[in-house]
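Colleague: Below: one structure in structure tokens.
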Amino acid sequence: LLFYIKKLRTKSLKGQLVSVLIVILAIDAFRTLFESIYFGAWYTALAGFLPKYVHTFLIQPEMVFIPKIINVIAAVLVIVLLIYKWLPKEASEKQSLRELIDKRTEELTRSNVKFQKENQEHKQTTKKLVSKTDELTKEITERIQTEKKRIESEEKHRTLFETMVQGVVYQDADGKIISANPAAERILGLTFNQMQGRVSMDPRWKAIHENGSDFPGETHPAMVSLQTGQPVHDVVMGVFHPEEERYCWIRIDSIPKIRPGEKNPHQVYTTFTD
């Protein structure tokens, strides 16, 4: 009874054990009731409360053997109930528990493998990200250094452009002036604002050859370089100086600028001295 009550504390097998316990208690109750009646009548007759033939009847060997048989039958029934009702159920429960444990173990193993795989992928992704970050940092650093060098180079060229004694004029593909340095302003007697947008064909230049003949705009060195894509050197030209109201003579070199992959110049620059 204590053994079964202890087992009943667990939630598993509870319904099965209650049924088995009730049957066992019924068997034990029948056995106890039979023994109580048998030995009660025995000792009651021996004490004189019942007729003596009752005692004489009950002490016969074949009668004394009956309670023993009842006990053996009760014990066999209990053992049979344990073997066929409880033990198989407990074995089945243990098997189910083992299967559950195996299933959980397999799930944990798969989860661990998946975690290891994801962790490895995360490490590889992190490694690639770090490598990409390093490459990007290097690229940004190189760009900053390149930009710094470009700015320094432009600053040097601008300083040279603004301080050189030679006049420098830039013209676009249409021949319009887009830039001029201070020396060009001084030699030509015009500010950059006055020159900006002018073309070589502008009659205000009043350009002439050394012999005094007209110097047509389309034959100016800059226009020839734009048309042919070739530099022109050592051309002497007379241009009218509006401030001094006289002609000044300049020696001109023109250089076309052609972008990579293109045939025609997109700009031309001329240098000249007076």
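For the structure tokens, the naming scheme is as follows: chains receive sequential letters (A, B, ...) according to their order of presentation, residues are indexed from 1 within each chain, and ligands are indexed from 1 in presentation order.
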Where in segment 57-239 of chain A does DSSP assign helix (DSSP H, G or I), given as number ranges by chain?

Modeller: A: 57-58, 61-163, 182-188, 192-195, 203-205, 217-219, 221-228

Colleague: Write out as a list in words the residues lying within 7 Å of segment 187-192 of chain A, counting only C-alpha atoms and excluding same-chain residues fewer than 5 positions away.

Modeller: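 Near segment 187-192 of chain A, the qualifying residues are Gly167, Ala180, His241, Pro242, Glu243 and Asp274 of chain A.
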
Colleague: Take the selection from the previous step and output its residues with all heavy atoms, as a JSON list (two decimals), in the first residue's frame.

Modeller:
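Written out: out_29.json:
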```json
[["chain", "number", "residue", "atom", "x", "y", "z"],
["A", 167, "GLY", "N", 51.82, 85.70, -70.62],
["A", 167, "GLY", "CA", 50.37, 85.73, -70.64],
["A", 167, "GLY", "C", 49.82, 84.35, -71.00],
["A", 167, "GLY", "O", 50.38, 83.66, -71.86],
["A", 180, "ALA", "N", 42.02, 83.70, -68.06],
["A", 180, "ALA", "CA", 43.22, 84.48, -68.44],
["A", 180, "ALA", "C", 43.94, 84.87, -67.16],
["A", 180, "ALA", "O", 43.31, 85.15, -66.13],
["A", 180, "ALA", "CB", 42.84, 85.72, -69.23],
["A", 241, "HIS", "N", 46.51, 97.77, -78.09],
["A", 241, "HIS", "CA", 46.46, 97.95, -76.63],
["A", 241, "HIS", "C", 45.56, 99.14, -76.36],
["A", 241, "HIS", "O", 45.95, 100.30, -76.60],
["A", 241, "HIS", "CB", 47.88, 98.20, -76.09],
["A", 241, "HIS", "CG", 48.00, 98.01, -74.61],
["A", 241, "HIS", "ND1", 47.37, 98.83, -73.71],
["A", 241, "HIS", "CD2", 48.67, 97.08, -73.88],
["A", 241, "HIS", "CE1", 47.66, 98.44, -72.48],
["A", 241, "HIS", "NE2", 48.46, 97.35, -72.58],
["A", 242, "PRO", "N", 44.33, 98.93, -75.85],
["A", 242, "PRO", "CA", 43.37, 100.05, -75.71],
["A", 242, "PRO", "C", 43.79, 101.09, -74.68],
["A", 242, "PRO", "O", 43.47, 102.27, -74.84],
["A", 242, "PRO", "CB", 42.08, 99.34, -75.28],
["A", 242, "PRO", "CG", 42.50, 98.05, -74.69],
["A", 242, "PRO", "CD", 43.75, 97.64, -75.41],
["A", 243, "GLU", "N", 44.49, 100.71, -73.63],
["A", 243, "GLU", "CA", 44.89, 101.68, -72.61],
["A", 243, "GLU", "C", 45.99, 102.60, -73.14],
["A", 243, "GLU", "O", 45.98, 103.81, -72.91],
["A", 243, "GLU", "CB", 45.37, 100.95, -71.34],
["A", 243, "GLU", "CG", 44.26, 100.27, -70.57],
["A", 243, "GLU", "CD", 44.77, 99.68, -69.25],
["A", 243, "GLU", "OE1", 45.99, 99.72, -69.01],
["A", 243, "GLU", "OE2", 43.94, 99.18, -68.48],
["A", 274, "ASP", "N", 55.33, 89.69, -74.66],
["A", 274, "ASP", "CA", 55.38, 90.89, -75.49],
["A", 274, "ASP", "C", 56.81, 91.28, -75.80],
["A", 274, "ASP", "O", 57.75, 90.71, -75.23],
["A", 274, "ASP", "CB", 54.65, 92.06, -74.80],
["A", 274, "ASP", "CG", 55.22, 92.35, -73.42],
["A", 274, "ASP", "OD1", 56.10, 91.58, -72.96],
["A", 274, "ASP", "OD2", 54.78, 93.32, -72.79]]
```

Colleague: May I ask for the distance between atom CA of Ala183 of chain A and atom CA of His157 of chain A, given in Å to one decimal place?

Modeller: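 We find that atom CA of Ala183 of chain A and atom CA of His157 of chain A lie 14.6 Å from each other.
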
Colleague: Can you measure atom CA of Val113 of chain A to atom CA of Lys132 of chain A for me? One decimal in Å is fine.

Modeller: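 Answer for the atom CA of Val113 of chain A to atom CA of Lys132 of chain A separation: 28.0 Å.
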
Colleague: List as a ChimeraX atom specification the protein and nucleic acid residues near segment 36-38 of chain A, meaning an atom at most 12 Å away when only C-alpha atoms are counted, but skip any in the same chain fewer than 5 places from it.

Modeller: /A:28-31,43-45,54-55,57-59,63-68,70

Colleague: Hey, which of A:Gly238, A:Glu35, A:Tyr84, A:Arg110 ends up closest to Ile69 of chain A? Count only C-alpha atoms.

Modeller: A:Glu35

Colleague: Mind pulling up the distance from atom CA of Thr273 of chain A to atom CA of Pro231 of chain A?

Modeller: 16.9 Å

Colleague: Measuring between only C-alpha atoms, which one of A:Met223, A:Ile27, A:Met195, A:Ile250 shows the shortest distance to His266 of chain A?

Modeller: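 Comparing A:Met223, A:Ile27, A:Met195, A:Ile250 against His266 of chain A, the winner is A:Met223.
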
Colleague: At a cut-off of 7 Å, using only C-alpha atoms, what residues contact Ala222 of chain A? Leave out same-chain residues fewer than 3 positions from it and give the result as JSON, numbers by chain.

Modeller: {"A": [225, 226, 254, 268, 270]}

Colleague: Next, dump the selected residues to file, keeping only N, CA, C and O atoms, as a PDB file, in the first residue's frame.

Modeller:
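That gives us result-v8.pdb:
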```
ATOM      1  N   SER A 225      44.925  75.443 -83.798  1.00  0.00           N
ATOM      2  CA  SER A 225      45.085  74.267 -82.921  1.00  0.00           C
ATOM      3  C   SER A 225      43.754  73.573 -82.685  1.00  0.00           C
ATOM      4  O   SER A 225      43.683  72.341 -82.646  1.00  0.00           O
ATOM      5  N   LEU A 226      42.669  74.348 -82.546  1.00  0.00           N
ATOM      6  CA  LEU A 226      41.350  73.736 -82.358  1.00  0.00           C
ATOM      7  C   LEU A 226      40.921  72.980 -83.610  1.00  0.00           C
ATOM      8  O   LEU A 226      40.271  71.931 -83.520  1.00  0.00           O
ATOM      9  N   SER A 254      50.390  78.022 -79.064  1.00  0.00           N
ATOM     10  CA  SER A 254      49.076  77.471 -78.698  1.00  0.00           C
ATOM     11  C   SER A 254      49.162  75.946 -78.584  1.00  0.00           C
ATOM     12  O   SER A 254      49.776  75.300 -79.440  1.00  0.00           O
ATOM     13  N   VAL A 268      41.838  74.875 -75.696  1.00  0.00           N
ATOM     14  CA  VAL A 268      43.165  75.240 -76.181  1.00  0.00           C
ATOM     15  C   VAL A 268      43.675  76.364 -75.292  1.00  0.00           C
ATOM     16  O   VAL A 268      42.892  77.198 -74.835  1.00  0.00           O
ATOM     17  N   THR A 270      46.803  79.339 -74.933  1.00  0.00           N
ATOM     18  CA  THR A 270      47.898  80.041 -75.621  1.00  0.00           C
ATOM     19  C   THR A 270      48.747  80.757 -74.587  1.00  0.00           C
ATOM     20  O   THR A 270      48.228  81.297 -73.590  1.00  0.00           O
TER      21      THR A 270
END
```

Colleague: List the neighbours of Asp253 of chain A out to 8 Å using only C-alpha atoms; skip same-chain residues closer than 6 positions along the sequence, and give me the result as a ChimeraX atom specification.

Modeller: /A:221,231-235,270-272
